[in-house]
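Peer 1: Here's a structure for you.
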Amino acid sequence: MTDKKIEKKVRVRFAPSPTGYLHIGNFRTALYGYLFAKKNKGDFILRIEDTDQKRQKSDALERLIKLINWAGFDYSEGVYLENGKIVERGAFGPYIQSARLKIYQKYAEKLINLGKAYYCFCTEERLNEMRKRQIAEKKPPMYDRTCLNLSQNEIKKRIRAGEKYVIRQKVETAGVTEYHDLIRQKVIIKNELLDDQILIKSDGYPTYNFANVIDDHLMQITHVFRGEEYVSSTPKYIQLYNSFGWSVPEFVHLPLLLNPDRSKLSKRQGDVAVEDYISKGYLKEAIINFVALLGWNPGEGSTQEFFSLKELIEKFDLSHIHKGGAVFDLKKLDWLNGKYIREKNDTELFALCRPILVDYLGKNGWSFNDDLLKKIISVEKMRLKNLAEITGNIDFYFQLFPFDKEMARWKGMGDKELKKSLQKALKTLIEISEFDFENKIKLEEKLLTMAGEKRGEYLFPLRYALTRVGKSPSPFEVLWILGKKESLSRLKLAIESLGG
């Protein structure tokens with residue numbers, strides 16, 4: 001089964017809240033919506049849902065826009081960042097909900113006039129007591145409609161008196177609501193399970209549940225992508241559409257993201273923000289590729305695991321999204337990222353790693369030059385799972401640790417054998433020209449010839465004498481990075497430390 005032919009132009013929105021960093025699940029919602037819109041030659045729109053004023057972060061909106069641009073999700077209208085300023089472009093604005101308050105108020109009042117919404121003056125204290133009582137009676141905590149049948153005179157009197165109020169939806173509680181989800185197919189929810197949700201809060205701002213319906217209709221959104229936690233809420237949205245006499249968009253409820261223990265993905269078990277993975281040195285290509293595979297596959301029989309954004313657009317099909325939760329497997333991300341790192345040429349990888357190295361070395365007060373950094377990056381490249389690991393095992397290049405002869409021994413060799421091994425290596429290195437020192441292959445050939453069949457006996461002590469650490473690149477790579485002068489100096493000091 002593949003996506004059905006779509007008759008009207010596809011319009012998909014991504015509508016994040018500027019309340020902090022972007023959750024990896026929300027990033028997947030953006031990615032799938034973007035892929036679907038582009039696959040169907042439709043519009044992808046960036047709308048900002050900032051109705052929760054208490055949770056706003058000062059620079060979160062700018063960071064959101066930068067992240068969408070970083071990912072390469074080019075959108076046709078919405079909110080943009082230009083010369084450090086927030087601007088909007090498109091025929092359906094404003095695209096920031098806090099600038100649309102009069103619109104929401106207008107439609108809330110229309111619902112009241114239609115008998116589909118009502119004023120509620122219940123205090124937070126009364127609501128809390130109501131919920132406690134319902135829970136004690138083993139009933140679902142739902143609004144008890146105390147304010148549903150207030151007279152017009154009482155409503156006006158209480159408003160004039162300055163009482164705080166919200167506007168609630170009067171949901172239909174009889175029967176069931178049935179709708180079609182493009183992943184789950186037929187969904188049926190009993191209306192008796194629906195609560196009279198708040199549409200307009202006491203501060204005049206709409207709730208997400210109300211604003212997204214109004215905006216999606218007015219902005220002509222055809223397909224709504226969101227998490228499966230909204231499956232049971234969707235009947236309330238459908239009732240709102242029906243109350244206004246509006247057509248209902250298509251719904252795509254995406255599977256949950258899960259921890260390896262199959263609990264819901266949470267901060268308690270690891271990073272959940274996209275920015276966390278960027279800061280740790282995961283490449284854009286790897287993050288997008290990995291997130292695309294969290295609940296989707298290219299189809300039966302396909303073994304492809306690496307996808308460019310262009311390939312994802314070409315192959316994306318809603319019928320290949322799983323209904324079950326998708327496990328966030330960090331090992332898979334590490335594997336993908338390592339592969340993408342190794343595909344980078346030295347120039348590209350140097351540009352990515354240099355800022356990380358410069359910051360790290362600067363904090364430690366160590367001097368360096370770009371030629372040295374290029375050598376380190378080219379050697380470490382094959383070992384990296386993420387760019388941040390580039391600083392994990394390089395300190396020995398910039399400082400000389402104490403020499404521990406016990407660590408330098410090869411299979412229990414004595415002090416005399418150890419010293420003899422290092423002296424032989426020193427003699428060989430002295431004879432190698434500066435020119436050949438710049439050639440890893442030449443270095444390796446000459447040292448292997450020196451060692452003969454006793455490679456461990458000669459190369460293990462040499463590697464340790466140069467690095468003074470238990471694990472490091474090969475002695476050939478270390479020599480090439482350190483250069484002849486520094487290598488000879490370190491080797492001589494190691495021999496001296498062994499005494500007569």
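Residues are referred to by chain and number: the chain letter is A, B, ... according to the order shown in the structure tokens, the number counts from 1 in that chain, and ligands are numbered separately from 1 in the order shown.
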From a DSSP calculation on the backbone, collect every residue of range 146-288 of chain A in strand (DSSP E or B) and output the set as an NGL selection string.
Peer 2: :A and (166-169 or 176-181 or 185-190 or 198-200 or 206 or 223-227 or 250-254 or 257-258 or 264 or 273)
Peer 1: Just to be explicit: take each residue in the selection above, keep C-alpha atoms, and write the result as a tab-separated table (two decimals), in the first residue's frame.
Peer 2:
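Okay, part_14.tsv is ready:
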chain	number	residue	atom	x	y	z
A	166	VAL	CA	-12.47	30.49	31.19
A	167	ILE	CA	-14.43	29.40	28.14
A	168	ARG	CA	-15.06	25.66	27.87
A	169	GLN	CA	-16.14	23.53	24.97
A	176	VAL	CA	-18.93	7.67	19.64
A	177	THR	CA	-16.64	9.69	17.39
A	178	GLU	CA	-15.14	7.76	14.52
A	179	TYR	CA	-12.37	9.13	12.34
A	180	HIS	CA	-9.75	7.94	9.88
A	181	ASP	CA	-6.08	8.19	10.80
A	185	GLN	CA	-6.87	3.68	9.86
A	186	LYS	CA	-10.24	3.60	11.69
A	187	VAL	CA	-10.23	5.09	15.21
A	188	ILE	CA	-13.32	4.99	17.42
A	189	ILE	CA	-13.52	6.88	20.73
A	190	LYS	CA	-16.47	6.84	23.12
A	198	ILE	CA	-10.86	24.80	28.15
A	199	LEU	CA	-10.75	26.83	24.93
A	200	ILE	CA	-9.85	30.28	26.27
A	206	PRO	CA	-6.31	30.16	23.88
A	223	HIS	CA	-2.72	17.16	6.96
A	224	VAL	CA	-2.05	17.39	10.70
A	225	PHE	CA	1.05	15.53	11.96
A	226	ARG	CA	1.37	15.00	15.73
A	227	GLY	CA	2.17	12.37	18.34
A	250	GLU	CA	-6.42	14.37	7.57
A	251	PHE	CA	-4.74	13.19	10.77
A	252	VAL	CA	-1.36	11.48	11.08
A	253	HIS	CA	-0.64	10.33	14.64
A	254	LEU	CA	2.99	9.27	14.94
A	257	LEU	CA	9.53	7.32	20.96
A	258	LEU	CA	10.68	4.84	23.59
A	264	LYS	CA	8.40	6.71	27.06
A	273	ALA	CA	16.74	17.58	22.77
Peer 1: Please list as a list in words every residue within 12 Å of Arg158 in chain A, counting only C-alpha atoms and excluding residues in the same chain fewer than 6 positions away.
Peer 2: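 Once the adjacent positions are removed, what remains is Tyr119, Cys120, Phe121, Cys122, Cys147, Leu150, Ser151, Gln152, Lys164 and Tyr165 of chain A.
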Peer 1: Go ahead and save the residues from that selection, with C-alpha atoms, as a CSV table (one decimal), in the first residue's frame.
Peer 2:
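Ended up saving to again18.csv:
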chain,number,residue,atom,x,y,z
A,119,TYR,CA,-18.3,30.5,30.5
A,120,CYS,CA,-16.8,28.7,33.5
A,121,PHE,CA,-16.1,30.6,36.8
A,122,CYS,CA,-14.9,27.7,38.9
A,147,CYS,CA,-21.2,26.3,35.1
A,150,LEU,CA,-25.7,29.6,34.2
A,151,SER,CA,-28.2,32.2,33.2
A,152,GLN,CA,-27.2,35.1,30.9
A,164,LYS,CA,-12.0,35.3,36.5
A,165,TYR,CA,-13.4,32.9,33.9
Peer 1: Write out as CSV the residues of range 306-383 of chain A that have any atom within 12 Å of an atom of range 460-472 of chain A, one row each with the nearest atom pair and its distance in Å to one decimal, counting only C-alpha atoms, sorted by chain and then rising number.
Peer 2:
residue,atom,partner,partner_atom,distance
A:Ile376,CA,A:Ser472,CA,11.6
A:Val379,CA,A:Ser472,CA,10.4
A:Glu380,CA,A:Ser472,CA,9.7
A:Arg383,CA,A:Ser472,CA,10.7
Peer 1: Report as a short mmCIF file (atom, residue, chain, number, x, y, z; two decimals) with C-alpha atoms, in the first residue's frame all protein, DNA and RNA residues lying within 7 Å of range 473-484 of chain A, evaluated on only C-alpha atoms, omitting residues in the same chain fewer than 5 positions from it.
Peer 2:
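Final file, around-v2.cif:
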data_model
loop_
_atom_site.label_atom_id
_atom_site.label_comp_id
_atom_site.auth_asym_id
_atom_site.auth_seq_id
_atom_site.Cartn_x
_atom_site.Cartn_y
_atom_site.Cartn_z
CA LEU A 372 49.12 19.48 13.99
CA LYS A 375 47.12 15.27 11.58
CA ILE A 376 45.29 14.47 14.82
CA VAL A 379 44.23 9.76 12.69
CA TYR A 397 50.20 15.07 22.32
CA GLU A 434 62.79 14.49 8.39
CA PHE A 437 58.99 11.31 9.14
CA GLU A 438 56.24 13.15 7.29
CA LYS A 440 53.31 7.43 7.70
CA LEU A 443 57.72 5.30 9.00
CA GLU A 444 55.77 2.09 9.29
CA LEU A 459 56.64 -1.47 19.09
CA LEU A 462 57.96 2.52 21.82
CA ARG A 463 54.29 3.45 21.69
#
Peer 1: Could you give me, as an MDAnalysis selection string, the residues within 7 Å of Met219 in chain A, counting only C-alpha atoms and dropping anything in the same chain fewer than 3 positions from it?
Peer 2: chainID A and resid 92 215:216
Peer 1: What is the distance between CA of Phe36 in chain A and CA of Phe328 in chain A, in Å to one decimal?
Peer 2: 22.1 Å
Peer 1: Rounded to one decimal in Å, what is the spacing between CA of Tyr340 in chain A and CA of Leu352 in chain A?
Peer 2: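 About the pair CA of Tyr340 in chain A and CA of Leu352 in chain A: they are 12.4 Å apart.
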Peer 1: Show me, as a ChimeraX atom specification, the residues that have an atom within 9 Å of Arg63 in chain A when counting only C-alpha atoms, minus same-chain residues fewer than 5 positions from it.
Peer 2: /A:18,20-22,68
Peer 1: Write out, as a PDB file, in the first residue's frame, the residues just selected, with N, CA and C atoms.
Peer 2:
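Generated file (part10.pdb):
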ATOM      1  N   PRO A  18       7.832  27.862  21.701  1.00  0.00           N
ATOM      2  CA  PRO A  18       9.166  28.367  22.081  1.00  0.00           C
ATOM      3  C   PRO A  18       9.379  28.321  23.586  1.00  0.00           C
ATOM      4  N   GLY A  20      11.710  26.144  25.086  1.00  0.00           N
ATOM      5  CA  GLY A  20      12.989  25.521  25.435  1.00  0.00           C
ATOM      6  C   GLY A  20      13.604  24.882  24.220  1.00  0.00           C
ATOM      7  N   TYR A  21      14.379  23.857  24.443  1.00  0.00           N
ATOM      8  CA  TYR A  21      15.032  23.158  23.346  1.00  0.00           C
ATOM      9  C   TYR A  21      14.051  22.223  22.648  1.00  0.00           C
ATOM     10  N   LEU A  22      14.345  21.895  21.393  1.00  0.00           N
ATOM     11  CA  LEU A  22      13.430  21.098  20.585  1.00  0.00           C
ATOM     12  C   LEU A  22      13.585  19.606  20.892  1.00  0.00           C
ATOM     13  N   ILE A  68      15.550  24.754  12.447  1.00  0.00           N
ATOM     14  CA  ILE A  68      14.827  24.341  11.239  1.00  0.00           C
ATOM     15  C   ILE A  68      15.658  24.660  10.005  1.00  0.00           C
TER      16      ILE A  68
END
Peer 1: Residues within 10 Å of Arg89 in chain A, please, as a ChimeraX atom specification. Count only C-alpha atoms; anything in the same chain fewer than 4 positions from it doesn't count.
Peer 2: /A:76-80,93-95
Peer 1: Those residues you just picked out, can you put them in a file as an mmCIF file, in the first residue's frame with N, CA and C atoms?
Peer 2:
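Full text of out_2.cif as output:
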data_model
loop_
_atom_site.group_PDB
_atom_site.id
_atom_site.type_symbol
_atom_site.label_atom_id
_atom_site.label_comp_id
_atom_site.auth_asym_id
_atom_site.auth_seq_id
_atom_site.Cartn_x
_atom_site.Cartn_y
_atom_site.Cartn_z
ATOM 1 N N SER A 76 7.685 27.338 3.016
ATOM 2 C CA SER A 76 7.161 28.285 2.030
ATOM 3 C C SER A 76 6.532 29.514 2.659
ATOM 4 N N GLU A 77 6.189 29.429 3.948
ATOM 5 C CA GLU A 77 5.605 30.587 4.629
ATOM 6 C C GLU A 77 5.695 30.386 6.132
ATOM 7 N N GLY A 78 5.512 31.484 6.843
ATOM 8 C CA GLY A 78 5.560 31.383 8.297
ATOM 9 C C GLY A 78 6.488 32.397 8.916
ATOM 10 N N VAL A 79 7.247 31.938 9.914
ATOM 11 C CA VAL A 79 8.097 32.816 10.721
ATOM 12 C C VAL A 79 9.556 32.615 10.315
ATOM 13 N N TYR A 80 10.260 33.716 10.097
ATOM 14 C CA TYR A 80 11.653 33.684 9.638
ATOM 15 C C TYR A 80 12.520 34.554 10.541
ATOM 16 N N GLY A 93 -1.051 34.942 7.692
ATOM 17 C CA GLY A 93 -0.564 35.384 8.981
ATOM 18 C C GLY A 93 -1.627 36.079 9.805
ATOM 19 N N PRO A 94 -1.312 36.490 11.034
ATOM 20 C CA PRO A 94 -0.014 36.249 11.694
ATOM 21 C C PRO A 94 0.240 34.761 11.931
ATOM 22 N N TYR A 95 1.517 34.399 11.981
ATOM 23 C CA TYR A 95 1.900 33.007 12.184
ATOM 24 C C TYR A 95 2.376 32.733 13.611
#
Peer 1: Excluding same-chain residues fewer than 5 positions from range 411-416 of chain A, what lies within 10 Å of it counting only C-alpha atoms, as a ChimeraX atom specification?
Peer 2: /A:405-406,421,456-457,460,498-500
Peer 1: For those residues, write N, CA and C atoms to a file as a compact mmCIF listing (two decimals), in the first residue's frame.
Peer 2:
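Result file part16.txt:
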# COMPACT_ATOMS: atom_id res chain seq x y z
N LYS A 405 57.57 2.42 34.01
CA LYS A 405 58.20 1.31 33.29
C LYS A 405 57.36 0.03 33.33
N GLU A 406 56.49 -0.09 34.37
CA GLU A 406 55.64 -1.28 34.43
C GLU A 406 54.63 -1.28 33.29
N SER A 421 65.23 -2.39 24.03
CA SER A 421 64.19 -2.20 23.02
C SER A 421 64.05 -0.73 22.64
N GLY A 456 55.82 -6.94 18.90
CA GLY A 456 55.35 -6.51 20.21
C GLY A 456 56.48 -6.07 21.11
N GLU A 457 57.59 -6.77 21.05
CA GLU A 457 58.74 -6.50 21.90
C GLU A 457 59.33 -5.12 21.65
N PHE A 460 55.52 -2.07 21.19
CA PHE A 460 54.72 -1.76 22.37
C PHE A 460 55.45 -0.79 23.31
N LEU A 498 65.09 4.99 32.95
CA LEU A 498 65.40 3.60 33.31
C LEU A 498 66.78 3.46 33.97
N GLY A 499 67.56 4.53 33.99
CA GLY A 499 68.85 4.53 34.66
C GLY A 499 69.88 3.68 33.93
N GLY A 500 71.00 3.34 34.72
CA GLY A 500 72.13 2.61 34.17
C GLY A 500 71.77 1.28 33.60
Peer 1: For a quick check of understanding, using only C-alpha atoms, which of A:Thr51, A:Leu256, A:Asp395, A:Leu309 has the smallest distance to Phe73 in chain A?
Peer 2: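 That would be A:Leu309, the residue with the smallest distance to Phe73 in chain A.
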Peer 1: Would you give me, as a ChimeraX atom specification, the residues in range 381-481 of chain A that DSSP reads as helix (DSSP H, G or I)?
Peer 2: /A:381-383,387-391,395-398,405-408,415-431,434-437,440-451,455-467,475-481
Peer 1: As an exercise, work out the distance from CA of Tyr104 in chain A to CA of Asn69 in chain A in Å and give it to one decimal place.
Peer 2: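 So the answer is 29.4 Å.
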Peer 1: Name the closest residue to Gly325 in chain A among the candidates A:Gly362, A:Lys485, A:Pro255, A:Glu348; distances are taken between atoms, counting only C-alpha atoms.
Peer 2: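 Looking at the shortest contact to Gly325 in chain A, the residue is A:Pro255.
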